file coords.txt (compact mmCIF, C-alpha atoms and all ligand atoms)
# COMPACT_ATOMS: atom_id res chain seq x y z
CA MET R 1 127.85 -68.33 39.63
CA LYS R 2 124.40 -69.91 39.42
CA ASN R 3 123.07 -70.13 35.87
CA ARG R 4 120.19 -72.28 34.83
CA PRO R 5 121.20 -75.19 32.57
CA LYS R 6 120.34 -74.42 28.95
CA PRO R 7 118.50 -77.24 27.19
CA TYR R 8 119.44 -75.83 23.82
CA ARG R 9 122.62 -74.87 22.06
CA VAL R 10 124.80 -71.98 23.12
CA ILE R 11 125.61 -69.68 20.20
CA THR R 12 129.26 -68.99 20.90
CA ASP R 13 131.59 -71.76 21.99
CA SER R 14 131.82 -71.32 25.77
CA GLU R 15 135.64 -71.31 25.75
CA VAL R 16 135.68 -68.66 23.01
CA GLU R 17 133.19 -66.60 25.03
CA LYS R 18 135.32 -66.98 28.17
CA TYR R 19 138.43 -65.91 26.24
CA ALA R 20 136.56 -62.89 24.82
CA GLU R 21 135.40 -61.89 28.30
CA GLU R 22 138.90 -62.26 29.72
CA HIS R 23 140.30 -60.07 26.95
CA SER R 24 137.74 -57.30 27.29
CA THR R 25 137.74 -54.44 29.82
CA THR R 26 137.73 -55.77 33.37
CA GLU R 27 134.56 -55.09 35.35
CA SER R 28 134.88 -52.24 37.85
CA GLU R 29 134.98 -52.96 41.58
CA VAL R 30 131.40 -51.66 41.94
CA VAL R 31 130.07 -53.89 39.18
CA THR R 32 131.95 -56.90 40.56
CA LYS R 33 130.37 -56.28 43.96
CA LEU R 34 126.92 -55.95 42.37
CA ILE R 35 127.35 -59.28 40.55
CA HIS R 36 128.48 -61.09 43.72
CA GLY R 37 125.68 -59.49 45.77
CA SER R 38 123.06 -60.50 43.19
CA ASP R 39 124.46 -64.02 43.06
CA GLU R 40 124.24 -64.36 46.84
CA GLU R 41 120.73 -62.96 47.03
CA LEU R 42 119.04 -64.70 44.12
CA ASP R 43 118.76 -68.29 42.95
CA TYR R 44 119.75 -67.40 39.39
CA ILE R 45 121.42 -64.35 37.87
CA ASP R 46 121.57 -65.47 34.25
CA MET R 47 119.30 -62.55 33.28
CA LEU R 48 122.21 -60.19 33.96
CA SER R 49 123.62 -59.03 30.60
CA GLY R 50 127.24 -59.96 31.37
CA PRO R 51 130.58 -58.38 30.49
CA LEU R 52 130.47 -58.63 26.69
CA VAL R 53 127.11 -56.89 26.33
CA GLY R 54 127.90 -54.64 29.32
CA ASN R 55 131.15 -53.46 27.75
CA LEU R 56 129.45 -53.08 24.36
CA LEU R 57 126.86 -50.79 26.02
CA GLN R 58 129.64 -48.74 27.56
CA ILE R 59 131.46 -48.35 24.24
CA LEU R 60 128.22 -47.33 22.49
CA VAL R 61 127.44 -44.75 25.20
CA GLN R 62 130.99 -43.40 24.94
CA LEU R 63 131.14 -43.35 21.11
CA SER R 64 127.71 -41.73 20.76
CA GLY R 65 128.11 -39.36 23.73
CA ALA R 66 124.62 -40.41 24.82
CA LYS R 67 123.34 -38.39 27.78
CA ASN R 68 119.75 -39.55 28.01
CA CYS R 69 119.41 -43.31 28.08
CA LEU R 70 116.41 -45.56 28.56
CA GLU R 71 116.56 -49.17 29.66
CA ILE R 72 113.68 -51.62 29.57
CA GLY R 73 114.39 -54.39 32.10
CA THR R 74 116.52 -53.39 35.12
CA PHE R 75 116.87 -56.70 37.00
CA THR R 76 119.43 -55.95 39.76
CA GLY R 77 120.87 -52.89 38.00
CA TYR R 78 123.94 -54.32 36.25
CA SER R 79 123.49 -52.79 32.78
CA ALA R 80 122.07 -49.50 34.14
CA ILE R 81 125.21 -49.08 36.27
CA LYS R 82 127.47 -50.08 33.36
CA MET R 83 125.95 -47.26 31.28
CA ALA R 84 125.92 -44.82 34.20
CA GLU R 85 129.63 -45.43 34.79
CA VAL R 86 130.43 -43.79 31.44
CA ILE R 87 127.65 -41.28 30.69
CA PRO R 88 128.83 -37.67 30.49
CA SER R 89 128.15 -35.45 33.51
CA GLY R 90 124.52 -34.38 33.65
CA GLY R 91 123.54 -37.59 31.89
CA ARG R 92 120.68 -39.76 33.06
CA ILE R 93 119.49 -43.35 32.76
CA ASP R 94 115.78 -44.11 33.11
CA THR R 95 115.29 -47.83 33.73
CA ILE R 96 111.99 -49.68 33.97
CA GLU R 97 111.36 -52.75 36.14
CA MET R 98 108.07 -54.29 37.24
CA ASN R 99 109.24 -57.10 39.54
CA ILE R 100 109.00 -55.86 43.14
CA ARG R 101 111.90 -57.94 44.43
CA TYR R 102 114.24 -56.81 41.63
CA GLN R 103 113.08 -53.18 42.07
CA LYS R 104 114.16 -53.33 45.71
CA ILE R 105 117.56 -54.88 44.96
CA ALA R 106 118.23 -52.47 42.08
CA GLN R 107 117.22 -49.41 44.11
CA GLU R 108 119.50 -50.52 46.95
CA ASN R 109 122.36 -51.03 44.48
CA PHE R 110 121.89 -47.60 42.92
CA GLN R 111 121.97 -45.98 46.38
CA LYS R 112 124.73 -48.13 47.86
CA PHE R 113 127.06 -47.60 44.90
CA GLY R 114 126.28 -43.88 44.52
CA PHE R 115 124.37 -43.88 41.22
CA ASP R 116 120.95 -42.70 42.39
CA ASP R 117 121.67 -39.18 41.08
CA ARG R 118 122.15 -40.57 37.56
CA ILE R 119 119.75 -43.52 37.46
CA GLN R 120 116.01 -43.20 37.84
CA LEU R 121 114.24 -46.48 38.52
CA ILE R 122 110.75 -46.45 37.05
CA LYS R 123 108.68 -49.02 38.94
CA ALA R 124 106.13 -50.00 36.35
CA ASN R 125 105.08 -52.46 33.71
CA ALA R 126 107.14 -51.28 30.74
CA ARG R 127 104.49 -52.46 28.32
CA GLU R 128 102.24 -49.60 29.46
CA GLU R 129 104.94 -47.20 30.61
CA ILE R 130 106.55 -47.10 27.16
CA THR R 131 103.33 -45.71 25.69
CA LYS R 132 103.46 -42.76 28.13
CA LEU R 133 107.10 -41.63 27.83
CA ASN R 134 107.47 -38.39 25.92
CA LYS R 135 111.13 -37.58 26.57
CA ILE R 136 113.59 -37.96 23.67
CA TYR R 137 116.40 -40.45 24.28
CA ASP R 138 119.89 -40.75 22.74
CA LEU R 139 120.20 -44.46 23.46
CA ILE R 140 117.72 -47.20 24.39
CA TYR R 141 118.56 -50.65 25.71
CA LEU R 142 115.76 -53.17 25.23
CA ASP R 143 116.22 -56.18 27.53
CA ALA R 144 112.84 -57.42 28.85
CA ASP R 145 109.62 -59.11 27.94
CA LYS R 146 110.75 -60.84 24.73
CA LEU R 147 107.21 -61.56 23.50
CA TYR R 148 106.65 -57.81 23.16
CA TYR R 149 109.88 -56.61 21.50
CA GLN R 150 107.94 -55.32 18.49
CA HIS R 151 105.59 -53.35 20.77
CA TYR R 152 108.56 -51.77 22.58
CA TYR R 153 110.37 -51.06 19.32
CA ASP R 154 107.30 -49.40 17.79
CA HIS R 155 107.08 -47.05 20.79
CA CYS R 156 110.84 -46.56 21.14
CA ILE R 157 111.61 -45.37 17.61
CA PRO R 158 109.49 -42.18 17.92
CA ILE R 159 111.21 -41.26 21.23
CA LEU R 160 114.72 -42.03 19.91
CA LYS R 161 116.53 -39.01 18.48
CA SER R 162 117.66 -39.04 14.87
CA GLY R 163 121.12 -40.65 14.93
CA GLY R 164 120.26 -42.34 18.24
CA ILE R 165 120.99 -45.96 19.03
CA LEU R 166 118.75 -48.81 20.17
CA ILE R 167 120.26 -52.07 21.39
CA ALA R 168 118.03 -55.16 21.56
CA ASP R 169 119.42 -58.11 23.52
CA ASN R 170 118.70 -61.85 23.18
CA VAL R 171 117.50 -61.59 19.59
CA LEU R 172 118.88 -65.03 18.70
CA TRP R 173 117.30 -66.66 21.80
CA SER R 174 119.86 -69.46 22.03
CA ALA R 175 119.61 -69.88 18.23
CA GLN R 176 115.99 -70.98 18.58
CA VAL R 177 114.92 -68.21 16.15
CA LEU R 178 116.41 -70.35 13.35
CA ALA R 179 113.55 -72.82 13.76
CA PRO R 180 111.13 -70.96 16.01
CA GLU R 181 108.67 -73.24 17.74
CA ASP R 182 107.75 -71.61 21.05
CA PRO R 183 106.03 -68.19 21.37
CA LYS R 184 109.18 -66.27 22.45
CA SER R 185 111.31 -67.61 19.58
CA GLN R 186 108.47 -66.83 17.16
CA ALA R 187 108.08 -63.30 18.51
CA LEU R 188 111.82 -62.63 18.34
CA ASP R 189 112.06 -64.07 14.81
CA ALA R 190 109.14 -61.89 13.72
CA PHE R 191 110.85 -58.88 15.34
CA ASN R 192 114.13 -59.64 13.49
CA LYS R 193 112.26 -59.99 10.19
CA GLN R 194 110.28 -56.77 10.68
CA LEU R 195 113.46 -54.86 11.54
CA LYS R 196 115.06 -56.08 8.31
CA ILE R 197 112.44 -54.16 6.27
CA ASP R 198 112.34 -51.02 8.44
CA ASN R 199 113.94 -48.33 6.27
CA ARG R 200 113.86 -45.76 9.09
CA VAL R 201 116.98 -47.40 10.52
CA SER R 202 120.25 -49.15 9.74
CA HIS R 203 121.18 -52.09 11.91
CA VAL R 204 123.39 -55.08 12.53
CA LEU R 205 122.55 -58.33 14.32
CA LEU R 206 125.67 -59.48 16.15
CA PRO R 207 125.96 -63.15 17.19
CA LEU R 208 127.31 -61.90 20.51
CA ARG R 209 126.34 -63.92 23.55
CA ASP R 210 122.57 -64.52 22.96
CA GLY R 211 122.39 -62.21 19.92
CA CYS R 212 122.49 -58.46 20.14
CA THR R 213 121.09 -56.09 17.50
CA ILE R 214 122.39 -52.54 17.26
CA VAL R 215 120.01 -50.15 15.50
CA ARG R 216 120.77 -46.58 14.39
CA LYS R 217 117.81 -44.34 13.64
CA LYS R 218 118.39 -42.33 10.44
C1 LIG R 301 116.97 -59.87 31.18
S1 LIG R 301 116.46 -59.07 32.63
C2 LIG R 301 117.29 -57.51 32.56
C3 LIG R 301 118.74 -57.62 32.85
C4 LIG R 301 119.42 -56.29 33.03
N1 LIG R 301 119.30 -55.44 31.86
C5 LIG R 301 120.89 -56.55 33.35
O1 LIG R 301 121.71 -56.51 32.45
O2 LIG R 301 121.18 -56.85 34.51
C6 LIG R 301 114.80 -58.61 32.26
C7 LIG R 301 114.10 -57.88 33.36
O3 LIG R 301 112.93 -57.32 32.84
C8 LIG R 301 111.90 -57.42 33.80
N2 LIG R 301 110.63 -57.37 33.07
C9 LIG R 301 110.04 -58.34 32.33
N3 LIG R 301 108.90 -57.91 31.79
C10 LIG R 301 108.75 -56.62 32.17
C11 LIG R 301 107.78 -55.62 31.94
N4 LIG R 301 106.70 -55.86 31.17
N5 LIG R 301 107.95 -54.40 32.49
C12 LIG R 301 109.03 -54.14 33.28
N6 LIG R 301 109.99 -55.05 33.54
C13 LIG R 301 109.86 -56.27 33.00
C14 LIG R 301 112.17 -58.72 34.53
O4 LIG R 301 111.59 -58.71 35.81
C15 LIG R 301 113.70 -58.74 34.55
O5 LIG R 301 114.19 -58.17 35.73
call {"tool": "encode", "arguments": {"input": "coords.txt", "output": "structure tokens"}}
result
Amino acid sequence: MKNRPKPYRVITDSEVEKYAEEHSTTESEVVTKLIHGSDEELDYIDMLSGPLVGNLLQILVQLSGAKNCLEIGTFTGYSAIKMAEVIPSGGRIDTIEMNIRYQKIAQENFQKFGFDDRIQLIKANAREEITKLNKIYDLIYLDADKLYYQHYYDHCIPILKSGGILIADNVLWSAQVLAPEDPKSQALDAFNKQLKIDNRVSHVLLPLRDGCTIVRKK
């Protein structure tokens, strides 16, 4: 699989991560096909959330019984399909993507693998789209546009039901938030610090893969 070389440190020892992946639920045939297809079509697929976060999303959807889910950042549709595989019948995933090439691949994947009844691809810039959504969601997965996590969070909390869950990925940004120097690390560190003092929610920052925060709205 083609991943870009990381110039900075990886949070979890790569052998530990590999062991954890191997001892977690095996990816379904559909998801395996999606990963291979994405890998063949694109130069890099390291934006894809991967099995640890993917399986975490599935467990959270299953434990919470979430029916209405929102995803910010579709890419080729991996995490949307992971959630759609386990949502209860009648459930729906709205997922927002602005890149035209990824929109096309994701839409094809949703159709080809039979998820277009459960997944709605919103072709838009999520930065604006998030200000217009007025549906209430049970679960929100935030996985795009790291500079604007606080903006997304501020608009997501009002449309998240009480008791609902928000998952924010990449919050450790390859551990660069520990000494943030570039704009993305600074934005993510500021987001983590702001979340710490938000008493509308309880949350945990897991050092899973690239850092994954799970938030529960009170
Ligand atoms: C990390 S990837 C998402 C990976 C996906 N959740 C998965 O697990 O396969 C982030 C995606 O967000 C998209 N994106 C970035 N900024 C965006 C924005 N402002 N609005 C909509 N999509 C955006 C990128 O094009 C990219 O496909």
call {"tool": "axis_aligned_box", "arguments": {"input": "coords.txt", "around": "ligand LIG 301 (chain R)", "padding_each_side": "3 Å", "output": "AutoDock Vina command-line options"}}
result
--center_x 114.2 --center_y -57.0 --center_z 33.5 --size_x 21.0 --size_y 11.7 --size_z 10.6
call {"tool": "atom_distance", "arguments": {"input": "coords.txt", "atom1": "CA of His36 in chain R", "atom2": "atom O5 of ligand LIG 301 (chain R)"}}
result
16.6 Å
call {"tool": "closest_residue", "arguments": {"input": "coords.txt", "among": "R:His151, R:Arg101, R:Arg92, R:Lys82", "to": "Ala190 in chain R", "atoms": "only C-alpha atoms"}}
result
R:His151
call {"tool": "closest_residue", "arguments": {"input": "coords.txt", "among": "R:His23, R:Arg200, R:Lys33, R:Lys18", "to": "Asn109 in chain R", "atoms": "all atoms listed in the file"}}
result
R:Lys33
call {"tool": "residues_around", "arguments": {"input": "coords.txt", "residues": "Val86 in chain R", "least_positions_apart": "4", "cutoff": "9 Å", "atoms": "only C-alpha atoms", "output": "NGL selection string"}}
result
:R and (58-59 or 61-62 or 81-82)
call {"tool": "closest_residue", "arguments": {"input": "coords.txt", "among": "R:Arg127, R:Arg209, R:His203, R:Lys67", "to": "ligand LIG 301 (chain R)", "atoms": "all atoms listed in the file"}}
result
R:Arg127
call {"tool": "closest_residue", "arguments": {"input": "coords.txt", "among": "R:Val215, R:Met98, R:Val16, R:Leu60", "to": "Glu129 in chain R", "atoms": "only C-alpha atoms"}}
result
R:Met98
call {"tool": "residues_near_ligand", "arguments": {"input": "coords.txt", "ligand": "ligand LIG 301 (chain R)", "cutoff": "7 Å", "atoms": "all atoms listed in the file", "output": "number ranges by chain"}}
result
R: 47-50, 72-80, 96-99, 102, 124-127, 143-145
call {"tool": "closest_residue", "arguments": {"input": "coords.txt", "among": "R:Ile122, R:Ala168, R:Ala187, R:Leu147", "to": "Leu206 in chain R", "atoms": "all atoms listed in the file"}}
result
R:Ala168
call {"tool": "residues_around", "arguments": {"input": "coords.txt", "residues": "Asp189 in chain R", "least_positions_apart": "3", "cutoff": "10 Å", "atoms": "only C-alpha atoms", "output": "list in words"}}
result
Val171, Leu172, Trp173, Gln176, Val177, Leu178, Ala179, Pro180, Pro183, Lys184, Ser185, Gln186, Asn192, Lys193, Gln194 and Leu195 of chain R
call {"tool": "decode", "arguments": {"input": "coords.txt", "residues": "range 131-169 of chain R", "atoms": "C-alpha atoms", "output": "CSV table (one decimal), in the first residue's frame"}}
result
chain,number,residue,atom,x,y,z
R,131,THR,CA,-23.3,26.2,8.9
R,132,LYS,CA,-26.4,25.2,6.9
R,133,LEU,CA,-27.2,21.8,8.3
R,134,ASN,CA,-30.2,21.8,10.6
R,135,LYS,CA,-30.8,18.0,11.0
R,136,ILE,CA,-30.0,16.5,14.4
R,137,TYR,CA,-27.3,13.8,14.4
R,138,ASP,CA,-26.6,10.9,16.8
R,139,LEU,CA,-23.0,10.6,15.8
R,140,ILE,CA,-20.5,12.9,13.9
R,141,TYR,CA,-17.1,11.9,12.6
R,142,LEU,CA,-14.8,14.8,12.0
R,143,ASP,CA,-12.0,13.9,9.6
R,144,ALA,CA,-11.1,16.8,7.3
R,145,ASP,CA,-9.6,20.3,7.1
R,146,LYS,CA,-7.6,20.2,10.3
R,147,LEU,CA,-7.0,24.0,10.4
R,148,TYR,CA,-10.8,24.4,11.0
R,149,TYR,CA,-11.6,21.7,13.6
R,150,GLN,CA,-12.8,24.3,16.0
R,151,HIS,CA,-15.1,25.8,13.4
R,152,TYR,CA,-16.6,22.4,12.7
R,153,TYR,CA,-16.9,21.5,16.4
R,154,ASP,CA,-18.6,24.8,17.2
R,155,HIS,CA,-21.2,24.1,14.5
R,156,CYS,CA,-21.4,20.3,15.2
R,157,ILE,CA,-22.3,20.5,18.9
R,158,PRO,CA,-25.6,22.3,18.4
R,159,ILE,CA,-26.7,19.7,15.8
R,160,LEU,CA,-25.5,16.7,17.9
R,161,LYS,CA,-28.3,15.2,20.1
R,162,SER,CA,-27.8,15.2,23.9
R,163,GLY,CA,-26.0,11.9,24.6
R,164,GLY,CA,-24.6,11.9,21.0
R,165,ILE,CA,-21.0,11.2,20.1
R,166,LEU,CA,-18.5,13.2,18.1
R,167,ILE,CA,-15.2,11.5,17.0
R,168,ALA,CA,-12.4,13.8,15.9
R,169,ASP,CA,-9.5,12.1,14.1
